[in-house]
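Data from model.pdb: PDB, C-alpha atoms (C1' of nucleotides)
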ATOM      1  CA  MET A   1       0.000   0.000   0.000  1.00  0.00           C
ATOM      2  CA  ASP A   2       1.491   3.266  -1.136  1.00  0.00           C
ATOM      3  CA  ALA A   3       1.132   6.435   0.910  1.00  0.00           C
ATOM      4  CA  ARG A   4      -0.511   8.150  -2.047  1.00  0.00           C
ATOM      5  CA  PHE A   5      -3.293   5.618  -2.117  1.00  0.00           C
ATOM      6  CA  VAL A   6      -3.776   6.069   1.596  1.00  0.00           C
ATOM      7  CA  ALA A   7      -4.199   9.769   0.853  1.00  0.00           C
ATOM      8  CA  ILE A   8      -6.798   8.926  -1.775  1.00  0.00           C
ATOM      9  CA  TYR A   9      -8.800   6.886   0.673  1.00  0.00           C
ATOM     10  CA  ALA A  10      -8.457   9.636   3.260  1.00  0.00           C
ATOM     11  CA  ILE A  11      -9.899  12.170   0.856  1.00  0.00           C
ATOM     12  CA  VAL A  12     -12.726   9.924  -0.237  1.00  0.00           C
ATOM     13  CA  ALA A  13     -13.517   9.323   3.412  1.00  0.00           C
ATOM     14  CA  ARG A  14     -13.871  13.093   3.837  1.00  0.00           C
ATOM     15  CA  ILE A  15     -16.607  13.363   1.238  1.00  0.00           C
ATOM     16  CA  PRO A  16     -19.786  14.213   3.167  1.00  0.00           C
ATOM     17  CA  GLU A  17     -23.093  12.470   2.559  1.00  0.00           C
ATOM     18  CA  GLY A  18     -25.067  13.906  -0.305  1.00  0.00           C
ATOM     19  CA  LYS A  19     -21.848  14.899  -2.064  1.00  0.00           C
ATOM     20  CA  VAL A  20     -19.597  13.191  -4.605  1.00  0.00           C
ATOM     21  CA  SER A  21     -16.219  13.729  -6.239  1.00  0.00           C
ATOM     22  CA  THR A  22     -14.477  12.611  -9.414  1.00  0.00           C
ATOM     23  CA  TYR A  23     -11.433  10.480 -10.175  1.00  0.00           C
ATOM     24  CA  GLY A  24      -9.704  13.268 -12.043  1.00  0.00           C
ATOM     25  CA  ALA A  25     -10.349  15.834  -9.336  1.00  0.00           C
ATOM     26  CA  ILE A  26      -8.730  13.609  -6.733  1.00  0.00           C
ATOM     27  CA  ALA A  27      -5.864  12.857  -9.091  1.00  0.00           C
ATOM     28  CA  ARG A  28      -5.155  16.595  -9.285  1.00  0.00           C
ATOM     29  CA  VAL A  29      -5.040  17.050  -5.546  1.00  0.00           C
ATOM     30  CA  ILE A  30      -2.767  14.031  -5.121  1.00  0.00           C
ATOM     31  CA  PRO A  31       0.169  13.076  -7.363  1.00  0.00           C
ATOM     32  CA  VAL A  32      -1.392   9.733  -8.275  1.00  0.00           C
ATOM     33  CA  PRO A  33       0.923   7.363 -10.217  1.00  0.00           C
ATOM     34  CA  ARG A  34      -1.495   6.982 -13.140  1.00  0.00           C
ATOM     35  CA  GLY A  35      -3.649  10.034 -12.694  1.00  0.00           C
ATOM     36  CA  ALA A  36      -7.385   9.460 -12.852  1.00  0.00           C
ATOM     37  CA  ARG A  37      -6.939   5.799 -13.726  1.00  0.00           C
ATOM     38  CA  GLY A  38      -4.864   5.397 -10.615  1.00  0.00           C
ATOM     39  CA  VAL A  39      -7.761   6.635  -8.550  1.00  0.00           C
ATOM     40  CA  GLY A  40     -10.098   4.189 -10.224  1.00  0.00           C
ATOM     41  CA  TRP A  41      -7.578   1.463  -9.616  1.00  0.00           C
ATOM     42  CA  ALA A  42      -7.445   2.422  -5.966  1.00  0.00           C
ATOM     43  CA  MET A  43     -11.238   2.380  -5.719  1.00  0.00           C
ATOM     44  CA  ALA A  44     -11.347  -1.058  -7.288  1.00  0.00           C
ATOM     45  CA  ARG A  45      -9.366  -2.211  -4.282  1.00  0.00           C
ATOM     46  CA  CYS A  46     -11.093  -0.046  -1.697  1.00  0.00           C
ATOM     47  CA  PRO A  47      -9.556  -1.119   1.655  1.00  0.00           C
ATOM     48  CA  ALA A  48     -13.062  -1.641   3.096  1.00  0.00           C
ATOM     49  CA  ASN A  49     -13.602   1.513   5.115  1.00  0.00           C
ATOM     50  CA  VAL A  50     -13.833   3.667   1.999  1.00  0.00           C
ATOM     51  CA  PRO A  51     -17.107   5.171   0.711  1.00  0.00           C
ATOM     52  CA  TRP A  52     -16.113   4.357  -2.865  1.00  0.00           C
ATOM     53  CA  TRP A  53     -19.644   5.000  -4.112  1.00  0.00           C
ATOM     54  CA  ARG A  54     -19.114   8.748  -3.612  1.00  0.00           C
ATOM     55  CA  VAL A  55     -16.567   8.761  -6.421  1.00  0.00           C
ATOM     56  CA  VAL A  56     -17.787   9.054 -10.007  1.00  0.00           C
ATOM     57  CA  SER A  57     -16.346   9.952 -13.395  1.00  0.00           C
ATOM     58  CA  ALA A  58     -15.759  13.559 -14.503  1.00  0.00           C
ATOM     59  CA  THR A  59     -19.053  13.617 -16.377  1.00  0.00           C
ATOM     60  CA  GLY A  60     -21.014  12.463 -13.356  1.00  0.00           C
ATOM     61  CA  ARG A  61     -21.557   8.993 -14.730  1.00  0.00           C
ATOM     62  CA  VAL A  62     -21.205   6.020 -12.432  1.00  0.00           C
ATOM     63  CA  THR A  63     -18.561   3.872 -14.070  1.00  0.00           C
ATOM     64  CA  SER A  64     -18.304   1.119 -11.527  1.00  0.00           C
ATOM     65  CA  PRO A  65     -19.196  -2.509 -12.363  1.00  0.00           C
ATOM     66  CA  ASN A  66     -21.855  -2.377  -9.679  1.00  0.00           C
ATOM     67  CA  ALA A  67     -23.302   0.931 -10.865  1.00  0.00           C
ATOM     68  CA  HIS A  68     -26.830   0.053  -9.834  1.00  0.00           C
ATOM     69  CA  ILE A  69     -25.724  -0.450  -6.231  1.00  0.00           C
ATOM     70  CA  GLN A  70     -23.670   2.729  -6.282  1.00  0.00           C
ATOM     71  CA  SER A  71     -26.513   4.824  -7.668  1.00  0.00           C
ATOM     72  CA  GLU A  72     -28.816   3.385  -5.065  1.00  0.00           C
ATOM     73  CA  LEU A  73     -26.418   4.260  -2.275  1.00  0.00           C
ATOM     74  CA  LEU A  74     -26.080   7.792  -3.618  1.00  0.00           C
ATOM     75  CA  MET A  75     -29.814   8.294  -3.806  1.00  0.00           C
ATOM     76  CA  ASN A  76     -30.073   6.958  -0.295  1.00  0.00           C
ATOM     77  CA  GLU A  77     -27.689   9.707   0.830  1.00  0.00           C
ATOM     78  CA  GLY A  78     -29.633  12.415  -0.912  1.00  0.00           C
ATOM     79  CA  VAL A  79     -27.306  12.943  -3.866  1.00  0.00           C
ATOM     80  CA  ALA A  80     -28.902  14.732  -6.814  1.00  0.00           C
ATOM     81  CA  MET A  81     -29.321  11.847  -9.223  1.00  0.00           C
ATOM     82  CA  ARG A  82     -30.572  12.414 -12.750  1.00  0.00           C
ATOM     83  CA  ASP A  83     -31.378   8.979 -14.090  1.00  0.00           C
ATOM     84  CA  ASN A  84     -29.946   5.485 -13.918  1.00  0.00           C
ATOM     85  CA  GLY A  85     -26.276   5.925 -13.169  1.00  0.00           C
ATOM     86  CA  PHE A  86     -25.948   9.677 -13.505  1.00  0.00           C
ATOM     87  CA  VAL A  87     -25.156  12.239 -10.832  1.00  0.00           C
ATOM     88  CA  ASP A  88     -25.783  15.962 -11.147  1.00  0.00           C
ATOM     89  CA  LEU A  89     -22.285  17.236 -10.438  1.00  0.00           C
ATOM     90  CA  THR A  90     -23.582  20.796 -10.714  1.00  0.00           C
ATOM     91  CA  ILE A  91     -25.214  20.236  -7.352  1.00  0.00           C
ATOM     92  CA  ALA A  92     -23.528  17.256  -5.736  1.00  0.00           C
ATOM     93  CA  ARG A  93     -19.872  17.969  -6.557  1.00  0.00           C
ATOM     94  CA  TRP A  94     -17.764  18.236  -3.419  1.00  0.00           C
ATOM     95  CA  ALA A  95     -15.068  20.891  -3.070  1.00  0.00           C
ATOM     96  CA  LEU A  96     -11.895  18.837  -2.833  1.00  0.00           C
ATOM     97  CA  GLN A  97      -9.324  19.381  -0.131  1.00  0.00           C
ATOM     98  CA  ALA A  98      -6.063  17.533   0.254  1.00  0.00           C
ATOM     99  CA  ASP A  99      -5.987  17.869   3.994  1.00  0.00           C
TER     100      ASP A  99
ATOM    101  C1'  DG B   1       9.974  -8.886 -23.273  1.00  0.00           C
ATOM    102  C1'  DG B   2       5.550  -7.643 -25.777  1.00  0.00           C
ATOM    103  C1'  DG B   3       0.728  -6.717 -26.145  1.00  0.00           C
ATOM    104  C1'  DC B   4      -3.963  -6.026 -24.136  1.00  0.00           C
ATOM    105  C1'  DT B   5      -7.005  -4.065 -20.627  1.00  0.00           C
ATOM    106  C1'  DG B   6      -9.093  -0.694 -17.824  1.00  0.00           C
ATOM    107  C1'  DA B   7     -14.055   1.948 -11.647  1.00  0.00           C
ATOM    108  C1'  DC B   8     -10.532   8.046 -16.734  1.00  0.00           C
ATOM    109  C1'  DT B   9     -10.271  12.382 -19.315  1.00  0.00           C
ATOM    110  C1'  DG B  10     -10.319  15.824 -22.687  1.00  0.00           C
ATOM    111  C1'  DA B  11     -10.404  16.763 -27.545  1.00  0.00           C
ATOM    112  C1'  DC B  12     -12.620  16.203 -32.047  1.00  0.00           C
ATOM    113  C1'  DG B  13     -16.036  15.565 -35.842  1.00  0.00           C
TER     114       DG B  13
ATOM    115  C1'  DA C   1     -25.420  17.437 -27.760  1.00  0.00           C
ATOM    116  C1'  DC C   2     -23.335  12.738 -28.627  1.00  0.00           C
ATOM    117  C1'  DG C   3     -20.258   8.999 -30.095  1.00  0.00           C
ATOM    118  C1'  DT C   4     -15.233   8.066 -30.949  1.00  0.00           C
ATOM    119  C1'  DC C   5     -10.302   8.485 -30.511  1.00  0.00           C
ATOM    120  C1'  DA C   6      -5.952   9.046 -28.508  1.00  0.00           C
ATOM    121  C1'  DG C   7      -3.111   9.561 -24.416  1.00  0.00           C
ATOM    122  C1'  DC C   8      -2.256   7.631 -20.173  1.00  0.00           C
ATOM    123  C1'  DC C   9       0.512   3.830 -17.473  1.00  0.00           C
ATOM    124  C1'  DA C  10       0.323   0.028 -13.837  1.00  0.00           C
ATOM    125  C1'  DG C  11      -1.145  -4.906 -13.994  1.00  0.00           C
ATOM    126  C1'  DC C  12      -1.734  -9.141 -15.954  1.00  0.00           C
ATOM    127  C1'  DC C  13      -1.367 -12.722 -19.274  1.00  0.00           C
TER     128       DC C  13
END
Is it possible to express this structure as structure tokens?
Amino acid sequence: MDARFVAIYAIVARIPEGKVSTYGAIARVIPVPRGARGVGWAMARCPANVPWWRVVSATGRVTSPNAHIQSELLMNEGVAMRDNGFVDLTIARWALQAD
DNA sequence: GGGCTGACTGACG
DNA sequence: ACGTCAGCCAGCC
């Protein structure tokens, strides 16, 4: 486990309910080895205590293999969902912070 | 060692 | 506005 990935999980863990963030946005705050893909890679291996469902693609689309579960979780938290698998980043986007 | 894949993104037609 | 393409680079055959 690399310290950078720990930082990714730490940031994701800071995303409040009803808010989401994007892979690319996180990749800009942290010097991730492979940029946005690195974040996705990290999410794919979410250490367990990580609210991975609050991370979506830059367009607001849920790109996870279990998108239906993710979208359901987001709706359950009050995230502004458009339709199946889409989040309204205009409303739900969280202001990133490295610390 | 070489080629393909992917929980991405931004540019292009 | 929407579908495709190319760049990206660690992992996994």
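Against the coordinates shown, the PyMOL selection byres ((chain A) within 10 of (chain C)) returns Pro33, Arg34, Gly35, Ala36, Arg37, Gly38 and Trp41 of chain A.
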What does the PyMOL selection byres ((chain A) within 10 of (chain B)) select in this file, as a PyMOL selection string?
chain A and resi 22-24+34-45+52-53+55-59+62-67
Could you work out how far CA of Asp88 in chain A lies from CA of Val12 in chain A, giving the answer in Å with one decimal?
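That distance, rounded to one decimal, is 18.1 Å.
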Selection in question (the file shown): the PyMOL selection byres ((chain A and resi 89) around 8). Which residues does it include, as a PyMOL selection string?
chain A and resi 20+59-60+80+87-88+90-93
Just the number, please: distance in Å from CA of Ile8 in chain A to CA of Gln70 in chain A, one decimal.
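A separation of 18.5 Å between them.
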Taken to one decimal, the CA of Asp2 in chain A-CA of Pro47 in chain A distance is 12.2 Å
